[in-house]
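Source file: upload_22.cif (mmCIF, C-alpha atoms)
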```
data_input
#
loop_
_atom_site.group_PDB
_atom_site.id
_atom_site.type_symbol
_atom_site.label_atom_id
_atom_site.label_comp_id
_atom_site.auth_asym_id
_atom_site.auth_seq_id
_atom_site.Cartn_x
_atom_site.Cartn_y
_atom_site.Cartn_z
ATOM 1 C CA MET A 736 76.411 118.149 90.244
ATOM 2 C CA PRO A 737 79.047 117.576 92.905
ATOM 3 C CA GLU A 738 80.949 120.791 93.541
ATOM 4 C CA GLU A 739 83.967 118.845 94.810
ATOM 5 C CA LEU A 740 84.711 117.617 91.270
ATOM 6 C CA TYR A 741 85.598 121.157 90.267
ATOM 7 C CA THR A 742 87.100 122.502 93.479
ATOM 8 C CA LYS A 743 89.454 119.775 94.714
ATOM 9 C CA LYS A 744 92.920 119.763 93.181
ATOM 10 C CA GLU A 745 93.209 115.965 93.014
ATOM 11 C CA TYR A 746 90.179 115.843 90.714
ATOM 12 C CA GLY A 747 91.600 118.441 88.338
ATOM 13 C CA SER A 748 91.046 117.828 84.665
ATOM 14 C CA LEU A 749 93.810 117.220 82.172
ATOM 15 C CA LEU A 750 93.455 120.778 80.897
ATOM 16 C CA ILE A 751 93.921 122.237 84.365
ATOM 17 C CA LYS A 752 96.784 119.865 85.195
ATOM 18 C CA THR A 753 98.692 120.587 81.993
ATOM 19 C CA LEU A 754 97.833 124.214 81.196
ATOM 20 C CA GLY A 755 97.407 125.709 84.665
ATOM 21 C CA ASP A 756 94.696 126.627 87.109
ATOM 22 C CA SER A 757 93.564 130.009 85.821
ATOM 23 C CA PRO A 758 89.997 131.242 86.349
ATOM 24 C CA LYS A 759 89.297 131.487 82.598
ATOM 25 C CA LEU A 760 90.529 127.971 81.966
ATOM 26 C CA ARG A 761 88.490 126.633 84.892
ATOM 27 C CA ILE A 762 85.364 128.220 83.413
ATOM 28 C CA ILE A 763 86.085 126.808 79.951
ATOM 29 C CA ASP A 764 86.909 123.411 81.430
ATOM 30 C CA PHE A 765 83.617 123.342 83.332
ATOM 31 C CA PHE A 766 81.657 124.010 80.150
ATOM 32 C CA LEU A 767 83.760 121.495 78.176
ATOM 33 C CA ASP A 768 82.917 118.841 80.761
ATOM 34 C CA ASN A 769 79.214 119.625 80.287
ATOM 35 C CA PRO A 770 78.827 120.420 76.563
ATOM 36 C CA MET A 771 75.191 119.363 76.291
ATOM 37 C CA PHE A 772 73.946 121.513 79.165
ATOM 38 C CA ASP A 773 73.473 125.198 79.729
ATOM 39 C CA PHE A 774 73.979 127.048 82.997
ATOM 40 C CA THR A 775 73.295 130.344 84.667
ATOM 41 C CA LYS A 776 76.260 132.303 85.975
ATOM 42 C CA LYS A 777 75.118 131.459 89.495
ATOM 43 C CA GLU A 778 75.272 127.728 88.746
ATOM 44 C CA VAL A 779 78.788 128.106 87.334
ATOM 45 C CA ILE A 780 79.901 130.027 90.426
ATOM 46 C CA GLU A 781 78.499 127.348 92.726
ATOM 47 C CA ALA A 782 79.935 124.435 90.739
ATOM 48 C CA LEU A 783 83.417 125.949 90.557
ATOM 49 C CA GLY A 784 83.437 127.328 94.093
ATOM 50 C CA MET A 785 84.531 130.588 92.505
ATOM 51 C CA SER A 786 83.715 134.011 93.839
ATOM 52 C CA LYS A 787 81.111 136.051 92.007
ATOM 53 C CA GLN A 788 83.695 138.804 91.540
ATOM 54 C CA THR A 789 86.159 136.435 89.842
ATOM 55 C CA LEU A 790 83.547 135.012 87.477
ATOM 56 C CA TYR A 791 82.284 138.475 86.545
ATOM 57 C CA LYS A 792 85.871 139.599 85.872
ATOM 58 C CA TYR A 793 86.677 136.817 83.373
ATOM 59 C CA PHE A 794 83.329 135.695 81.943
ATOM 60 C CA PRO A 795 82.745 138.731 79.680
ATOM 61 C CA ASP A 796 85.905 137.982 77.677
ATOM 62 C CA LEU A 797 84.788 134.407 77.056
ATOM 63 C CA GLU A 798 81.382 135.631 75.945
ATOM 64 C CA GLU A 799 82.780 138.479 73.815
ATOM 65 C CA TYR A 800 85.113 136.157 71.904
ATOM 66 C CA GLY A 801 82.366 133.585 71.413
ATOM 67 C CA VAL A 802 83.856 130.782 73.505
ATOM 68 C CA ILE A 803 80.744 130.792 75.704
ATOM 69 C CA GLU A 804 77.407 131.839 74.249
ATOM 70 C CA VAL A 805 73.883 132.490 75.438
ATOM 71 C CA SER A 806 71.839 129.394 74.689
ATOM 72 C CA ARG A 807 68.463 130.657 75.919
ATOM 73 C CA LYS A 808 66.741 133.052 78.261
ATOM 74 C CA ILE A 809 64.274 132.216 80.982
ATOM 75 C CA GLY A 810 62.673 135.444 82.124
ATOM 76 C CA LYS A 811 65.577 137.761 82.889
ATOM 77 C CA ALA A 812 68.026 134.907 83.443
ATOM 78 C CA LYS A 813 70.458 133.973 80.689
ATOM 79 C CA LEU A 814 71.741 130.450 80.312
ATOM 80 C CA TYR A 815 75.144 129.837 78.775
ATOM 81 C CA LYS A 816 76.703 126.976 76.863
ATOM 82 C CA ILE A 817 80.113 126.239 75.340
ATOM 83 C CA ASN A 818 80.376 127.117 71.646
ATOM 84 C CA LEU A 819 81.563 123.804 70.195
ATOM 85 C CA LYS A 820 82.154 125.463 66.805
ATOM 86 C CA HIS A 821 84.662 127.968 68.196
ATOM 87 C CA PRO A 822 88.246 127.228 67.004
ATOM 88 C CA LEU A 823 89.711 127.459 70.528
ATOM 89 C CA VAL A 824 87.123 125.043 71.881
ATOM 90 C CA SER A 825 87.840 122.598 69.047
ATOM 91 C CA MET A 826 91.580 122.822 69.726
ATOM 92 C CA LEU A 827 91.140 122.270 73.469
ATOM 93 C CA ARG A 828 88.912 119.252 72.886
ATOM 94 C CA GLU A 829 91.473 117.782 70.483
ATOM 95 C CA TYR A 830 94.310 118.537 72.919
ATOM 96 C CA GLU A 831 92.448 116.842 75.764
ATOM 97 C CA LYS A 832 91.786 113.808 73.563
ATOM 98 C CA LYS A 833 95.463 113.500 72.562
ATOM 99 C CA ILE A 834 96.686 113.845 76.151
ATOM 100 C CA SER A 835 94.166 111.211 77.285
ATOM 101 C CA LEU A 836 95.392 108.815 74.611
ATOM 102 C CA GLN A 837 99.027 109.424 75.626
ATOM 103 C CA ILE A 838 98.229 108.658 79.263
ATOM 104 C CA ALA A 839 96.264 105.548 78.273
ATOM 105 C CA GLU A 840 99.186 104.342 76.139
ATOM 106 C CA LYS A 841 101.631 104.831 79.029
ATOM 107 C CA GLU A 842 99.320 102.908 81.372
ATOM 108 C CA ARG A 843 98.947 100.113 78.809
ATOM 109 C CA ALA A 844 102.727 99.890 78.468
ATOM 110 C CA LYS A 845 103.090 99.647 82.260
ATOM 111 C CA LEU A 846 100.630 96.761 82.349
ATOM 112 C CA GLN A 847 102.617 94.888 79.729
ATOM 113 C CA GLU A 848 105.920 95.139 81.604
ATOM 114 C CA PRO A 849 106.949 91.848 83.159
ATOM 115 C CA VAL A 850 106.574 91.722 86.907
ATOM 116 C CA PRO A 851 109.919 90.941 88.554
ATOM 117 C CA THR A 852 109.799 87.799 90.618
ATOM 118 C CA GLN A 853 112.147 86.650 93.319
ATOM 119 C CA PRO A 854 113.248 83.037 93.462
ATOM 120 C CA ARG A 855 111.626 81.061 96.258
ATOM 121 C CA GLU A 856 113.841 79.693 98.944
ATOM 122 C CA LYS A 857 114.233 75.938 98.874
ATOM 123 C CA LEU A 858 112.238 74.181 101.521
ATOM 124 C CA LYS A 859 114.320 72.126 103.960
ATOM 125 C CA THR A 860 113.173 68.552 104.214
#
```
Go ahead and express the file in the form of structure tokens.
Amino acid sequence: MPEELYTKKEYGSLLIKTLGDSPKLRIIDFFLDNPMFDFTKKEVIEALGMSKQTLYKYFPDLEEYGVIEVSRKIGKAKLYKINLKHPLVSMLREYEKKISLQIAEKERAKLQEPVPTQPREKLKT
């Protein structure tokens, strides 16, 4: 998974662009972008380019409130996944969908605008 997708500002998701670039939101956004997969904390840190200290400061809240949940354990390692049934997660997914549709509608409208043309100069014969 290319780290640059989560660390470069120009690739920021709609959630990050519209709601801000906070560490908690970046973590949630990462899991929302990968809802079918589970990750160790180390993988999340590497993908987000986030310091271990920052992740360990904010991750417990997300786990405590059930936004992120343990999906399985491999030895001592825990793997985490987004809780798609959590009300906040459902709201964020719906929000992202609505914003995407708004942007698509604006782009469609731009494509339908007539392109201004300039009259050609008459050729001298």
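The coordinates place CA of Glu781 in chain A at 19.0 Å from CA of Glu804 in chain A.
Distance check against Asn769 in chain A using all atoms listed in the file: of A:Ala812, A:Leu846, A:Ile817, A:Val805, the minimum falls on A:Ile817.
Candidate residues A:Lys832, A:Glu840, A:Phe794, A:Leu783 were compared for distance to Asp756 in chain A, and the nearest is A:Leu783, using all atoms listed in the file.
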>> Which residue is closest to Gly801 in chain A? Choose from A:Leu754, A:Leu814, A:Val824, A:Ala782 and count all atoms listed in the file.
In response: A:Val824
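With CA of Lys787 in chain A on one side and CA of Phe766 in chain A on the other, the separation reads 16.9 Å.
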> Skipping near chain neighbours, those fewer than 2 positions away, what residues fall within 10 Å of Leu790 in chain A using all atoms listed in the file, listed as a ChimeraX atom specification?
Replying inline: /A:758-759,762,776-777,779-780,783,785-788,792-795
>> Between A:Ser748, A:Thr775, A:Ser757, A:Thr852, which residue has the minimum interatomic distance to Ile809 in chain A, considering all atoms listed in the file?
In response: A:Thr775
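Between CA of Lys808 in chain A and CA of Met826 in chain A the interatomic distance comes to 28.2 Å.
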>> Residues near Asp768 in chain A, anyone? I mean within 12 Å using all atoms listed in the file, not counting same-chain ones fewer than 5 positions away, as JSON, numbers by chain.
In response: {"A": [736, 740, 741, 747, 748, 749, 750, 760, 761, 762, 763, 773, 782, 816, 817, 819, 824, 827, 828, 831]}
> So, counting all atoms listed in the file, which residue among A:Pro851, A:Lys841, A:Lys833, A:Ile803 is closest to Pro770 in chain A?
Replying inline: A:Ile803
